[in-house]
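Following: one structure in structure tokens, then a few remarks.
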Amino acid sequence: MDPAQMIRPRALRPGARVALVAPAGPLAPGTVELAEERVRALGWQPVVGASARGRRGFLSASDADRTRDLQTALDSADIDAIWCLRGGYGTMRIMDRINLLPLRLRPRPLIGFSDNTVLHLLATQAGVISFHGPHPAGAELTAFSTARLLEMVTGGEGPPPRFPMPEGQRVVTLVGGRAAGRLIGGNLALLAATVGTRAQMNAEGAVLVIEDVGEPLYRVDRMLTQLRLAGALDGLAGIVVGAFSNRPDEGDPALPSLAELLADRLGDPGVPLAYGFPFGHIPESWTLPIGATVTLDADAGTLALCEVVVEP
């Protein structure tokens, strides 16, 4: 999709009705209520999906019920945003059942990350900006993460000149330079899993964002190699690497560092590449407008928006 043709969702205002859906894994007891409290604290009204409190093995509900909850939110004329309660696994199972045309016809913020990367891939194909941001039922929603979310979905005073970093956090430059393009990507495991499906990303001219959690280094290597071999990374303008948190083999002296692996698997095209940006499965996390145009300065370790991402 041409970045100039991406549709901006309507900004969220006080009193907005926010659908809370669980298109992937089940929620722990009490976490839906926690999510409702957080939505109310932001000045919005939570509308919980009918199956959000359910459990069916490693899923929150059957494919039919999870599809119904998400599609009902998309179709509803009185829902102002859709916020995925959590990730886990399962969104891929329903991606061929979801119709995102109502989101294009009445653009609203679609928020989530991790397993819900699938929805961002589909939203980008539909030509609508969506938001790679924290889940409301997560263990922690810090002041930093909340502020970054509100900047994106309410418009605030306009886009920041660049995304702010948490105090003391630094980015590592692996390949220097500057790049501009629309944001694509999300969770690495889902980007690899969707290769060969209708949701496979189109990287041409784009700035890729990747993150993951709990993956040992060899699996990170395998997923990046899969994307390379499939041609899914061809034409990238730049690469922004977030957190690869809770790696079980971190610190193993027999293994290369994550930086070395990233340079090996992603460095040879010569496009700007840096890692250590604050997004992913971490408390202090950005909300990223997938489909919006950004500028990456890998030398300075900065990412900046080039446009307003919501309509007033």
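Here's how to read the names in the structure tokens: chain A, B, ... by the order shown, residue numbers from 1 in each chain, ligand numbers from 1 in the order shown.
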- From a DSSP pass on the backbone, collect the residues of stretch 131-193 of chain A flagged as strand (DSSP E) and hand them back as number ranges by chain. A: 131-132, 172-175, 178-187
With C-alpha atoms retained, write the just-selected residues as a PDB file, in the first residue's frame.
ATOM      1  CA  PHE A 131      -1.321   0.711  16.490  1.00  0.00           C
ATOM      2  CA  HIS A 132       1.313  -1.731  17.751  1.00  0.00           C
ATOM      3  CA  VAL A 172      22.969   0.300  19.340  1.00  0.00           C
ATOM      4  CA  THR A 173      23.780   1.220  15.740  1.00  0.00           C
ATOM      5  CA  LEU A 174      24.573  -1.812  13.590  1.00  0.00           C
ATOM      6  CA  VAL A 175      24.414  -0.193  10.140  1.00  0.00           C
ATOM      7  CA  ARG A 178      18.958   7.419   7.536  1.00  0.00           C
ATOM      8  CA  ALA A 179      15.840   5.904   6.021  1.00  0.00           C
ATOM      9  CA  ALA A 180      12.243   6.998   5.523  1.00  0.00           C
ATOM     10  CA  GLY A 181       9.278   4.761   4.799  1.00  0.00           C
ATOM     11  CA  ARG A 182       6.032   3.382   6.155  1.00  0.00           C
ATOM     12  CA  LEU A 183       6.220   1.227   9.265  1.00  0.00           C
ATOM     13  CA  ILE A 184       5.555  -2.479   8.880  1.00  0.00           C
ATOM     14  CA  GLY A 185       6.120  -5.514  11.065  1.00  0.00           C
ATOM     15  CA  GLY A 186       5.693  -6.417  14.702  1.00  0.00           C
ATOM     16  CA  ASN A 187       6.365  -9.740  16.374  1.00  0.00           C
TER      17      ASN A 187
END
- Query: When distances are computed from only C-alpha atoms, which of A:Gly267, A:Gly49, A:Pro289, A:Pro164 shows the smallest separation from A:Gly238?
  - Reply: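 Nearest to A:Gly238: A:Gly267.
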- Query: Using the chain letters and numbers from this document, which residues of stretch 56-256 of chain A does DSSP assign to alpha helix (DSSP H), as number ranges by chain?
  - Reply: A: 63-75, 101-105, 117-126, 143-154, 188-193, 217-229
- Item | Contact residues around A:Arg97 with only C-alpha atoms at 9 Å, ignoring same-chain residues under 3 positions, as a ChimeraX atom specification | /A:64,67,71,93-94
- Excluding A:Arg222 and any residue of its chain fewer than 2 positions from it, enumerate the residues within 12 Å of it, using only C-alpha atoms, and give them as number ranges by chain. A: 188-189, 192-193, 215-220, 224-229, 261-262, 265
- Item | Of the listed residues A:Pro9, A:Pro253, A:Pro269, A:Gly168, that which approaches A:Met152 most closely, counting only C-alpha atoms |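 For A:Met152, the nearest of the given residues is A:Pro9.
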- Message: Using only C-alpha atoms, can you tell me which of A:Pro102, A:Gly280, A:Pro23, A:Gly30 comes closest to A:Ala50?
- Response: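 Closest residue, counting only C-alpha atoms: A:Pro23.
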- Pick from A:Thr117, A:Ser285, A:Thr194, A:Thr293 nearest to A:Pro166, counting only C-alpha atoms: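 Using only C-alpha atoms, the shortest distance to A:Pro166 belongs to A:Ser285.
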Determine, counting only C-alpha atoms, which protein, DNA and RNA residues have an atom within 12 Å of an atom of A:Gly156; residues of the same chain fewer than 6 positions away are not included. Present the result as a PDB file with N, CA, C and O atoms, in the first residue's frame.
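Final output, saved to out.pdb:
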ATOM      1  N   ALA A  11      -9.321  10.061  15.936  1.00  0.00           N
ATOM      2  CA  ALA A  11      -8.738  10.156  17.277  1.00  0.00           C
ATOM      3  C   ALA A  11      -9.772   9.806  18.343  1.00  0.00           C
ATOM      4  O   ALA A  11     -10.966  10.081  18.192  1.00  0.00           O
ATOM      5  N   LEU A  12      -9.282   9.204  19.423  1.00  0.00           N
ATOM      6  CA  LEU A  12     -10.157   8.873  20.546  1.00  0.00           C
ATOM      7  C   LEU A  12     -10.366  10.102  21.427  1.00  0.00           C
ATOM      8  O   LEU A  12      -9.423  10.820  21.747  1.00  0.00           O
ATOM      9  N   ARG A  13     -11.598  10.309  21.836  1.00  0.00           N
ATOM     10  CA  ARG A  13     -11.970  11.429  22.681  1.00  0.00           C
ATOM     11  C   ARG A  13     -12.535  10.903  23.995  1.00  0.00           C
ATOM     12  O   ARG A  13     -12.890   9.733  24.106  1.00  0.00           O
ATOM     13  N   ALA A 147       1.530   7.155  28.300  1.00  0.00           N
ATOM     14  CA  ALA A 147       1.712   8.437  27.608  1.00  0.00           C
ATOM     15  C   ALA A 147       1.965   8.243  26.125  1.00  0.00           C
ATOM     16  O   ALA A 147       1.450   8.975  25.278  1.00  0.00           O
ATOM     17  N   ARG A 148       2.763   7.221  25.782  1.00  0.00           N
ATOM     18  CA  ARG A 148       3.059   6.956  24.368  1.00  0.00           C
ATOM     19  C   ARG A 148       1.802   6.496  23.621  1.00  0.00           C
ATOM     20  O   ARG A 148       1.593   6.839  22.458  1.00  0.00           O
ATOM     21  N   LEU A 149       0.963   5.707  24.299  1.00  0.00           N
ATOM     22  CA  LEU A 149      -0.286   5.274  23.689  1.00  0.00           C
ATOM     23  C   LEU A 149      -1.201   6.464  23.428  1.00  0.00           C
ATOM     24  O   LEU A 149      -1.748   6.629  22.326  1.00  0.00           O
ATOM     25  N   LEU A 150      -1.361   7.315  24.434  1.00  0.00           N
ATOM     26  CA  LEU A 150      -2.271   8.458  24.292  1.00  0.00           C
ATOM     27  C   LEU A 150      -1.791   9.427  23.224  1.00  0.00           C
ATOM     28  O   LEU A 150      -2.607  10.010  22.492  1.00  0.00           O
ATOM     29  N   VAL A 308       0.866  13.252  10.869  1.00  0.00           N
ATOM     30  CA  VAL A 308      -0.151  13.040  11.888  1.00  0.00           C
ATOM     31  C   VAL A 308      -0.791  11.681  11.600  1.00  0.00           C
ATOM     32  O   VAL A 308      -1.038  11.334  10.448  1.00  0.00           O
ATOM     33  N   VAL A 309      -1.077  10.904  12.639  1.00  0.00           N
ATOM     34  CA  VAL A 309      -1.533   9.530  12.410  1.00  0.00           C
ATOM     35  C   VAL A 309      -3.003   9.307  12.760  1.00  0.00           C
ATOM     36  O   VAL A 309      -3.536   8.220  12.515  1.00  0.00           O
ATOM     37  N   VAL A 310      -3.691  10.321  13.302  1.00  0.00           N
ATOM     38  CA  VAL A 310      -5.125  10.208  13.551  1.00  0.00           C
ATOM     39  C   VAL A 310      -5.804  11.475  13.055  1.00  0.00           C
ATOM     40  O   VAL A 310      -5.224  12.561  13.014  1.00  0.00           O
ATOM     41  N   GLU A 311      -7.055  11.316  12.652  1.00  0.00           N
ATOM     42  CA  GLU A 311      -7.864  12.458  12.263  1.00  0.00           C
ATOM     43  C   GLU A 311      -8.549  13.045  13.497  1.00  0.00           C
ATOM     44  O   GLU A 311      -8.955  12.307  14.384  1.00  0.00           O
ATOM     45  N   PRO A 312      -8.675  14.380  13.558  1.00  0.00           N
ATOM     46  CA  PRO A 312      -9.314  14.965  14.724  1.00  0.00           C
ATOM     47  C   PRO A 312     -10.785  14.589  14.829  1.00  0.00           C
ATOM     48  O   PRO A 312     -11.400  14.190  13.878  1.00  0.00           O
TER      49      PRO A 312
END
- Residue nearest A:Gly177 among A:Asp299, A:Glu140, A:Glu151, A:Glu33 (counting only C-alpha atoms):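 The shortest atom-to-atom distance to A:Gly177 comes from A:Asp299.
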- Message: I want to know what sits within 7 Å of A:Gly54, based on only C-alpha atoms, with residues of the same chain fewer than 4 positions away left out; could you give that as an MDAnalysis selection string?
- Response: chainID A and resid 26 60:61
- In Å to one decimal, how far is atom CA of A:Val241 from atom CA of A:Leu122?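 Atom CA of A:Leu122 sits 21.2 Å away from atom CA of A:Val241.
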- Judged by only C-alpha atoms, the minimum distance to A:Pro278 among A:Pro134, A:Gly235, A:Gly90, A:Gly251 is found for A:Pro134
- Item | Coordinates-based distance that separates atom CA of A:Ser114 from atom CA of A:Glu36 (Å, one decimal) |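 If I compute the distance from atom CA of A:Glu36 to atom CA of A:Ser114, I get 20.4 Å.
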- Task: Tell me which protein, DNA and RNA residues are within 10 Å of A:Gly138, counting only C-alpha atoms, leaving out same-chain ones fewer than 6 positions away, and put them as a PyMOL selection string.
- Result: chain A and resi 27+31-32+34-35+85-87+281+283
Output file for the selection above: all heavy atoms, as a PDB file, in the first residue's frame:
ATOM      1  N   LEU A  27      -7.523 -15.291  29.106  1.00  0.00           N
ATOM      2  CA  LEU A  27      -7.161 -14.305  30.124  1.00  0.00           C
ATOM      3  C   LEU A  27      -7.169 -14.947  31.508  1.00  0.00           C
ATOM      4  O   LEU A  27      -8.044 -15.754  31.814  1.00  0.00           O
ATOM      5  CB  LEU A  27      -8.134 -13.121  30.114  1.00  0.00           C
ATOM      6  CG  LEU A  27      -7.962 -12.029  29.049  1.00  0.00           C
ATOM      7  CD1 LEU A  27      -6.643 -11.308  29.217  1.00  0.00           C
ATOM      8  CD2 LEU A  27      -8.108 -12.554  27.649  1.00  0.00           C
ATOM      9  N   THR A  31      -8.135 -10.361  35.092  1.00  0.00           N
ATOM     10  CA  THR A  31      -7.410  -9.445  34.196  1.00  0.00           C
ATOM     11  C   THR A  31      -8.347  -8.689  33.254  1.00  0.00           C
ATOM     12  O   THR A  31      -8.016  -7.579  32.828  1.00  0.00           O
ATOM     13  CB  THR A  31      -6.331 -10.195  33.394  1.00  0.00           C
ATOM     14  OG1 THR A  31      -6.919 -11.328  32.754  1.00  0.00           O
ATOM     15  CG2 THR A  31      -5.198 -10.641  34.287  1.00  0.00           C
ATOM     16  N   VAL A  32      -9.491  -9.255  32.929  1.00  0.00           N
ATOM     17  CA  VAL A  32     -10.454  -8.487  32.133  1.00  0.00           C
ATOM     18  C   VAL A  32     -10.959  -7.305  32.943  1.00  0.00           C
ATOM     19  O   VAL A  32     -11.078  -6.176  32.443  1.00  0.00           O
ATOM     20  CB  VAL A  32     -11.617  -9.379  31.670  1.00  0.00           C
ATOM     21  CG1 VAL A  32     -12.693  -8.536  30.980  1.00  0.00           C
ATOM     22  CG2 VAL A  32     -11.122 -10.463  30.709  1.00  0.00           C
ATOM     23  N   LEU A  34      -9.305  -5.835  35.318  1.00  0.00           N
ATOM     24  CA  LEU A  34      -8.188  -4.892  35.357  1.00  0.00           C
ATOM     25  C   LEU A  34      -8.157  -4.047  34.092  1.00  0.00           C
ATOM     26  O   LEU A  34      -7.955  -2.827  34.150  1.00  0.00           O
ATOM     27  CB  LEU A  34      -6.866  -5.651  35.517  1.00  0.00           C
ATOM     28  CG  LEU A  34      -5.577  -4.831  35.417  1.00  0.00           C
ATOM     29  CD1 LEU A  34      -5.510  -3.794  36.531  1.00  0.00           C
ATOM     30  CD2 LEU A  34      -4.354  -5.750  35.459  1.00  0.00           C
ATOM     31  N   ALA A  35      -8.369  -4.685  32.946  1.00  0.00           N
ATOM     32  CA  ALA A  35      -8.390  -3.954  31.681  1.00  0.00           C
ATOM     33  C   ALA A  35      -9.525  -2.930  31.654  1.00  0.00           C
ATOM     34  O   ALA A  35      -9.343  -1.793  31.192  1.00  0.00           O
ATOM     35  CB  ALA A  35      -8.527  -4.929  30.517  1.00  0.00           C
ATOM     36  N   LEU A  85      -7.051  -7.586  24.217  1.00  0.00           N
ATOM     37  CA  LEU A  85      -6.747  -7.740  25.629  1.00  0.00           C
ATOM     38  C   LEU A  85      -5.370  -8.358  25.867  1.00  0.00           C
ATOM     39  O   LEU A  85      -4.665  -7.971  26.804  1.00  0.00           O
ATOM     40  CB  LEU A  85      -7.813  -8.604  26.299  1.00  0.00           C
ATOM     41  CG  LEU A  85      -9.146  -7.896  26.560  1.00  0.00           C
ATOM     42  CD1 LEU A  85     -10.270  -8.906  26.708  1.00  0.00           C
ATOM     43  CD2 LEU A  85      -9.046  -7.026  27.809  1.00  0.00           C
ATOM     44  N   ARG A  86      -4.987  -9.318  25.034  1.00  0.00           N
ATOM     45  CA  ARG A  86      -3.691  -9.970  25.198  1.00  0.00           C
ATOM     46  C   ARG A  86      -3.315 -10.652  23.884  1.00  0.00           C
ATOM     47  O   ARG A  86      -4.099 -10.682  22.932  1.00  0.00           O
ATOM     48  CB  ARG A  86      -3.702 -10.989  26.335  1.00  0.00           C
ATOM     49  CG  ARG A  86      -4.612 -12.182  26.112  1.00  0.00           C
ATOM     50  CD  ARG A  86      -4.174 -13.411  26.898  1.00  0.00           C
ATOM     51  NE  ARG A  86      -2.895 -13.931  26.422  1.00  0.00           N
ATOM     52  CZ  ARG A  86      -2.334 -15.052  26.868  1.00  0.00           C
ATOM     53  NH1 ARG A  86      -2.918 -15.748  27.826  1.00  0.00           N
ATOM     54  NH2 ARG A  86      -1.188 -15.479  26.388  1.00  0.00           N
ATOM     55  N   GLY A  87      -2.098 -11.203  23.845  1.00  0.00           N
ATOM     56  CA  GLY A  87      -1.653 -11.978  22.703  1.00  0.00           C
ATOM     57  C   GLY A  87      -1.755 -13.458  23.019  1.00  0.00           C
ATOM     58  O   GLY A  87      -2.817 -13.966  23.342  1.00  0.00           O
ATOM     59  N   HIS A 281       7.737  -6.781  24.439  1.00  0.00           N
ATOM     60  CA  HIS A 281       7.255  -7.374  25.693  1.00  0.00           C
ATOM     61  C   HIS A 281       8.064  -6.834  26.876  1.00  0.00           C
ATOM     62  O   HIS A 281       8.750  -7.570  27.589  1.00  0.00           O
ATOM     63  CB  HIS A 281       7.351  -8.893  25.621  1.00  0.00           C
ATOM     64  CG  HIS A 281       6.418  -9.516  24.633  1.00  0.00           C
ATOM     65  ND1 HIS A 281       6.617  -9.448  23.269  1.00  0.00           N
ATOM     66  CD2 HIS A 281       5.279 -10.235  24.815  1.00  0.00           C
ATOM     67  CE1 HIS A 281       5.637 -10.099  22.648  1.00  0.00           C
ATOM     68  NE2 HIS A 281       4.822 -10.578  23.556  1.00  0.00           N
ATOM     69  N   PRO A 283       7.982  -3.385  30.009  1.00  0.00           N
ATOM     70  CA  PRO A 283       7.078  -2.418  30.637  1.00  0.00           C
ATOM     71  C   PRO A 283       7.079  -1.052  29.957  1.00  0.00           C
ATOM     72  O   PRO A 283       6.020  -0.452  29.772  1.00  0.00           O
ATOM     73  CB  PRO A 283       7.610  -2.324  32.074  1.00  0.00           C
ATOM     74  CG  PRO A 283       8.355  -3.591  32.302  1.00  0.00           C
ATOM     75  CD  PRO A 283       8.953  -3.946  30.975  1.00  0.00           C
TER      76      PRO A 283
END
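Atom CA of A:Gln45 to atom CA of A:Pro14 spans 8.7 Å [interatomic distance, one decimal].
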